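Everything below concerns the one structure shown next.
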Amino acid sequence: MRITIFGIASATAPRAVVLTAAATLLATTIRVRAESAPDQIDLSKFPAAAVQDVVVPVPSEVFNVLDKLGSPNWKGELRESLGKNSGNRAQVALLLGTVIAEGFIAVEAEDSERVKEIGRDVLDLSRAVGVEKAVVSRSKAIVDKADSRDWAGARRELDGALQDVRGAMNELNDEDLAQLVSLGGWVRGTEVLTSIVQKDYKPQRAELLHQPELLNYFDRRLDGMSPRLRKSGLVAQLKTMLDEIRPLIIEGEGRKISPQSVDRIHTVTSQMVLTITSSDA
Amino acid sequence: MKIRLLPAAIILLVLPLVLRATVDDALSFAYEAATPYVKQGYTFREDAWGGDLGVGDQKAVTAQLFRGNGYWFCLGTDADDATLTVHVYDSKGKLAESQNWQKGRFAAVLVNPKQTGTYYAIVEVKKSSQERTPWALVYGYR
């Protein structure tokens with residue numbers, strides 16, 4: 001479990017052991033309606049130091065809405081190959097993110113064999129970047145949940161694996177790699193979202209791409225990476241991809257994300273996933 | 001000189017660990033506040049926000065929310081005499097929550113986003129005997 005303190009992703013928090021007692025306590029608590037909050041505030045009055053960065057959503061937050069809007073063919077969205085480890089740490093971090101995102105798709109598809117394969121792959125890739133210990137139990141839990149077809153549990157474990165990997169990387173002062181894990185997951189999640197929207201375009205589905213602050217956040221993180229990483233082909237391609245997507249996801253004042261924009265975002269995210277998953281990345 | 005600097009250096013080394021511990025404790029209370037909603041089928045993220053604030057201070061945390069989901073944001077602190085609040089606003093600064101409650105060290109809000117986009121949860125310490133009150137905020141979706 002990762003928690004962001006002062007905007008710095010850092011600590012690994014132990015899970016509370018008091019949840020059961022808490023349920024009882026809260027069930028018996030008479031809830032007091034909070035004092036009324038102002039209907040409108042001026043967000044520009046918050047200095048940068050008083051604003052904490054966005055928590056990157058997991059793919060299942062978007063997939064949950066897609067499920068409510070129709071019945072996507074999740075099996076059809078699964079990739080045949082999870083990709084190859086090139087030995088380049090940046091590539092492995094991005095690949096790890098795409099593999100965890102693939103896990104969320106496999107859960108939607110209720111494909112237990114695929115989820116189990118992904119659980120094992122998460123462990124292999126974590127070993128390649130020196131954070132294996134952090135995900136041993138998660139990897140096992142993903143496999144166990146898939147075996148028992150506990151899909152809600154599998155989702156929780158995939159989210160936990162993501163946070164554990166990133167937390168372990170942060171503890172090793174590999175914050176840049178931790179960000180690449182998040183970005184890899186976002187790219188693969190967005191590729192699948194656009195694939196589904198392409199197949200049955202509806203404005204409310206396309207609206208799920210409206211993620212302006214998240215893109216700005218990724219951009220800031222890429223800009224803050226070490227000069228060595230910034231010069232690497234993968235990070236440069238990620239920057240180019242974000243620059244291309246940013247104007248396409250603007251909504252509001254009557255403007256909707258068009259089918260053409262969805263197509264373009266799908267093309268650039270698919271190209272990025274191909275680059276990440278190829279062994280010569 | 002070196003001897004004088006040593007205690008300061010130790011404090012600087014230990015302070016983040018102490019802070020981390022208290023924020024981790026606050027996180028436990030945030031998950032306590034979330035427990036009823038887990039039972040209602042909300043999936044709570046393992047990722048979270050946290051820090052510490054003085055009385056009257058506010059922090060805005062940024063969240064990407066998707067129309068079609070419902071979200072509970074649950075706030076907690078380990079400071080037993082503290083009163084904290086959380087309220088959620090859209091990117092134009094308009095109050096976006098459909099339910100909220102506050103009970104001492106716990107507070108929570110329900111958001112059913114009218115649009116997909118960026119939202120801001122404003123965390124505030126209303127009352128506390130501590131100079132700096134640790135807090136943690138978690139969210140779940142359904």
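Residue names in the structure tokens use chain letters A, B, ... in the order shown, residue numbers from 1 in each chain, and ligand numbers from 1 in the order shown.
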DSSP on the backbone, then: every residue of region 24-78 of chain B marked alpha helix (DSSP H), written as a count of residues only. 16
Please give the complete set of residues from region 18-165 of chain A that DSSP, run on the backbone, assigns to strand (DSSP E or B), formatted as a ChimeraX atom specification. /A:40,51-55
Can you check which parts of chain B lie within 8 Å of chain A? Per residue, the shortest pair of atoms and distance in Å to one decimal, counting only C-alpha atoms, sorted by chain and number, as CSV.
residue,atom,partner,partner_atom,distance
B:Arg20,CA,A:Ala11,CA,6.5
B:Asp24,CA,A:Ala13,CA,5.3
B:Leu27,CA,A:Ala13,CA,7.7
B:Ser28,CA,A:Ala16,CA,4.8
B:Phe29,CA,A:Ala16,CA,7.8
B:Tyr31,CA,A:Leu19,CA,7.3
B:Glu32,CA,A:Ala22,CA,5.3
B:Ala33,CA,A:Leu26,CA,7.3
B:Thr35,CA,A:Ala23,CA,5.7
B:Pro36,CA,A:Ala23,CA,6.1
B:Thr43,CA,A:Arg156,CA,7.5
B:Arg45,CA,A:Asp159,CA,7.0
B:Glu46,CA,A:Met1,CA,5.2
B:Asp47,CA,A:Arg2,CA,5.3
B:Ala48,CA,A:Ile3,CA,4.9
B:Trp49,CA,A:Thr4,CA,5.0
B:Gly50,CA,A:Ile5,CA,5.2
B:Gly51,CA,A:Ile5,CA,5.0
B:Gln58,CA,A:Ala50,CA,7.1
B:Lys59,CA,A:Ala50,CA,5.0
B:Ala60,CA,A:Val51,CA,4.6
B:Val61,CA,A:Gln52,CA,4.6
B:Thr62,CA,A:Val54,CA,4.5
B:Ala63,CA,A:Val54,CA,5.1
B:Gln64,CA,A:Gln211,CA,6.7
B:Phe66,CA,A:Leu208,CA,6.2
B:Arg67,CA,A:Leu208,CA,7.5
B:Gly68,CA,A:Val65,CA,5.4
B:Asn69,CA,A:Val65,CA,6.1
B:Thr85,CA,A:Ala34,CA,7.4
B:His87,CA,A:Ala37,CA,7.0
B:Tyr89,CA,A:Gln40,CA,7.9
B:Ser91,CA,A:Leu43,CA,8.0
B:Lys92,CA,A:Leu43,CA,7.6
B:Gly93,CA,A:Ile41,CA,4.9
B:Lys94,CA,A:Gln40,CA,4.6
B:Leu95,CA,A:Asp39,CA,4.9
B:Asn100,CA,A:Ala34,CA,6.2
B:Trp101,CA,A:Arg33,CA,4.5
B:Gln102,CA,A:Ala34,CA,4.7
B:Lys103,CA,A:Val32,CA,5.9
B:Ala107,CA,A:Ala34,CA,7.9
B:Gln115,CA,A:Glu207,CA,8.0
B:Thr116,CA,A:Leu208,CA,5.9
B:Gly117,CA,A:Gln211,CA,5.5
B:Thr118,CA,A:Glu213,CA,6.2
B:Tyr141,CA,A:Glu61,CA,7.0
B:Arg142,CA,A:Asn64,CA,7.4
Using only C-alpha atoms, which residues sit within 8 Å of region 186-199 of chain A once same-chain residues fewer than 6 positions away are excluded, as a PyMOL selection string? chain A and resi 58-59+62-63+72+77+97-98+101-102+205-206+209+259+262-263+265-266+269-270+272-273
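A straight line drawn from CA of Asp150 (chain A) to CA of Glu110 (chain A) is 9.4 Å long.
Counting only C-alpha atoms and comparing A:Val235, A:Glu175, A:Gly184, A:Lys84, the residue that lies closest to Leu222 (chain A) is A:Val235.
When the distance limit is 10 Å and only C-alpha atoms are what count, the residues near Lys127 (chain B), minus those fewer than 4 positions from it on the same chain, are Gly54, Val55, Gly56, Asp81, Ala82, Thr83, Leu84, Thr85, Gly104, Arg105 and Thr133 of chain B.
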Requested write-out: C-alpha atoms of the selected residues, as an mmCIF file, in the first residue's frame:
data_model
loop_
_atom_site.group_PDB
_atom_site.id
_atom_site.type_symbol
_atom_site.label_atom_id
_atom_site.label_comp_id
_atom_site.auth_asym_id
_atom_site.auth_seq_id
_atom_site.Cartn_x
_atom_site.Cartn_y
_atom_site.Cartn_z
ATOM 1 C CA GLY B 54 -2.293 22.711 11.333
ATOM 2 C CA VAL B 55 -5.700 23.781 12.683
ATOM 3 C CA GLY B 56 -7.516 25.805 10.019
ATOM 4 C CA ASP B 81 -9.548 14.857 19.823
ATOM 5 C CA ALA B 82 -9.320 16.194 16.285
ATOM 6 C CA THR B 83 -12.179 17.211 14.023
ATOM 7 C CA LEU B 84 -11.530 16.938 10.307
ATOM 8 C CA THR B 85 -13.706 17.622 7.286
ATOM 9 C CA GLY B 104 -14.765 13.531 15.148
ATOM 10 C CA ARG B 105 -11.695 11.975 13.645
ATOM 11 C CA THR B 133 -2.536 16.708 12.790
#
So which residues touch Ser126 (chain A) within 12 Å, counting only C-alpha atoms, skipping near sequence neighbours fewer than 3 positions away, as a short mmCIF file (atom, residue, chain, number, x, y, z; two decimals) with N, CA and C atoms, in the first residue's frame?
data_model
loop_
_atom_site.label_atom_id
_atom_site.label_comp_id
_atom_site.auth_asym_id
_atom_site.auth_seq_id
_atom_site.Cartn_x
_atom_site.Cartn_y
_atom_site.Cartn_z
N ASN A 85 10.78 -9.03 -21.89
CA ASN A 85 11.68 -8.24 -21.06
C ASN A 85 12.97 -8.01 -21.84
N GLY A 87 15.54 -6.23 -20.69
CA GLY A 87 16.67 -6.01 -19.79
C GLY A 87 16.86 -4.54 -19.48
N ARG A 89 15.76 -1.36 -17.75
CA ARG A 89 14.90 -1.21 -16.56
C ARG A 89 13.68 -0.34 -16.83
N VAL A 92 11.24 -2.48 -18.60
CA VAL A 92 10.64 -3.49 -17.71
C VAL A 92 9.57 -2.84 -16.82
N ALA A 93 9.86 -1.63 -16.34
CA ALA A 93 8.88 -0.93 -15.49
C ALA A 93 7.60 -0.64 -16.28
N LEU A 94 7.76 -0.15 -17.49
CA LEU A 94 6.57 0.12 -18.32
C LEU A 94 5.82 -1.18 -18.63
N LEU A 95 6.61 -2.23 -18.94
CA LEU A 95 6.00 -3.53 -19.25
C LEU A 95 5.22 -4.06 -18.05
N LEU A 96 5.80 -3.89 -16.88
CA LEU A 96 5.13 -4.34 -15.65
C LEU A 96 3.77 -3.64 -15.51
N GLY A 97 3.76 -2.35 -15.81
CA GLY A 97 2.49 -1.61 -15.76
C GLY A 97 1.48 -2.15 -16.75
N VAL A 99 1.36 -5.15 -17.94
CA VAL A 99 0.96 -6.52 -17.55
C VAL A 99 -0.09 -6.45 -16.42
N ILE A 100 0.12 -5.55 -15.47
CA ILE A 100 -0.88 -5.42 -14.39
C ILE A 100 -2.20 -4.93 -14.98
N ILE A 118 -0.70 -13.96 -15.51
CA ILE A 118 -0.29 -12.58 -15.23
C ILE A 118 0.29 -12.45 -13.82
N GLY A 119 -0.31 -13.14 -12.86
CA GLY A 119 0.20 -13.13 -11.49
C GLY A 119 1.65 -13.60 -11.46
N ARG A 120 1.95 -14.64 -12.24
CA ARG A 120 3.32 -15.16 -12.27
C ARG A 120 4.25 -14.20 -13.01
N ASP A 121 3.72 -13.60 -14.08
CA ASP A 121 4.52 -12.66 -14.86
C ASP A 121 4.90 -11.42 -14.05
N VAL A 122 3.97 -10.98 -13.21
CA VAL A 122 4.24 -9.81 -12.35
C VAL A 122 5.45 -10.11 -11.47
N LEU A 123 5.50 -11.34 -10.96
CA LEU A 123 6.61 -11.74 -10.10
C LEU A 123 7.93 -11.76 -10.89
N VAL A 129 13.60 -6.15 -11.89
CA VAL A 129 13.95 -4.79 -11.45
C VAL A 129 14.20 -4.73 -9.94
N GLY A 130 14.42 -5.90 -9.35
CA GLY A 130 14.87 -5.94 -7.96
C GLY A 130 13.82 -5.67 -6.90
N VAL A 131 12.54 -5.85 -7.23
CA VAL A 131 11.51 -5.60 -6.22
C VAL A 131 10.63 -6.85 -6.00
N GLU A 132 11.24 -8.00 -6.27
CA GLU A 132 10.50 -9.26 -6.20
C GLU A 132 9.88 -9.50 -4.82
N LYS A 133 10.69 -9.22 -3.77
CA LYS A 133 10.22 -9.52 -2.41
C LYS A 133 8.89 -8.83 -2.10
N ALA A 134 8.74 -7.62 -2.66
CA ALA A 134 7.54 -6.83 -2.34
C ALA A 134 6.27 -7.45 -2.89
N VAL A 135 6.39 -8.31 -3.91
CA VAL A 135 5.17 -8.80 -4.56
C VAL A 135 4.99 -10.32 -4.51
N VAL A 136 5.85 -11.00 -3.76
CA VAL A 136 5.73 -12.47 -3.69
C VAL A 136 4.33 -12.87 -3.21
N ARG A 138 1.63 -11.04 -3.03
CA ARG A 138 0.58 -10.54 -3.94
C ARG A 138 0.43 -11.46 -5.15
N SER A 139 1.57 -11.86 -5.69
CA SER A 139 1.54 -12.73 -6.87
C SER A 139 0.78 -14.02 -6.54
N ALA A 161 -0.71 -5.15 -5.86
CA ALA A 161 0.58 -5.46 -6.49
C ALA A 161 1.18 -4.19 -7.09
N LEU A 162 0.31 -3.41 -7.73
CA LEU A 162 0.75 -2.16 -8.33
C LEU A 162 1.36 -1.24 -7.27
N ASP A 164 2.46 -2.07 -4.26
CA ASP A 164 3.63 -2.68 -3.61
C ASP A 164 4.88 -2.52 -4.48
N VAL A 165 4.70 -2.75 -5.78
CA VAL A 165 5.83 -2.59 -6.71
C VAL A 165 6.33 -1.15 -6.67
N ARG A 166 5.38 -0.23 -6.74
CA ARG A 166 5.77 1.18 -6.76
C ARG A 166 6.38 1.59 -5.42
N ALA A 168 8.02 -0.32 -3.34
CA ALA A 168 9.37 -0.91 -3.24
C ALA A 168 10.34 -0.11 -4.11
N MET A 169 9.90 0.31 -5.28
CA MET A 169 10.77 1.11 -6.14
C MET A 169 11.09 2.45 -5.48
N LEU A 177 11.17 4.94 -12.00
CA LEU A 177 10.66 3.64 -12.46
C LEU A 177 9.23 3.43 -11.98
N ALA A 178 8.96 3.87 -10.73
CA ALA A 178 7.60 3.73 -10.19
C ALA A 178 6.60 4.49 -11.05
N VAL A 181 5.84 2.56 -14.19
CA VAL A 181 4.87 1.47 -13.97
C VAL A 181 3.45 2.02 -14.13
#
Gly76 (chain A) environment, 10 Å, only C-alpha atoms, sequence neighbours closer than 2 positions dropped, as a PDB file with C-alpha atoms, in the first residue's frame:
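Writing done, so here's selection_35.pdb:
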ATOM      1  CA  PRO A  72     -17.814  -5.185 -23.914  1.00  0.00           C
ATOM      2  CA  ASN A  73     -16.149  -8.292 -25.292  1.00  0.00           C
ATOM      3  CA  TRP A  74     -13.369  -8.351 -22.720  1.00  0.00           C
ATOM      4  CA  LEU A  78      -6.828  -9.554 -24.266  1.00  0.00           C
ATOM      5  CA  ARG A  79      -3.406  -9.552 -25.920  1.00  0.00           C
ATOM      6  CA  GLU A  80      -1.964 -12.853 -27.109  1.00  0.00           C
ATOM      7  CA  ILE A 105      -8.758  -6.913 -18.408  1.00  0.00           C
ATOM      8  CA  ALA A 109     -13.000 -11.388 -19.039  1.00  0.00           C
ATOM      9  CA  ILE A 196     -14.116  -0.532 -26.909  1.00  0.00           C
TER      10      ILE A 196
END
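With only C-alpha atoms taken into account, the protein and nucleic acid residues at most 7 Å from Val111 (chain B) (excluding it and anything under 2 positions from it in its own chain) are B:Gly70, B:Tyr71, B:Trp72, B:Ala96, B:Glu97, B:Ser98, B:Val109, B:Pro113.
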Identify which of the residues A:Ser258, A:Phe218, A:Gln91, A:Asp200 lies closest to Ser71 (chain A), counting only C-alpha atoms when measuring atom-to-atom distances. A:Asp200
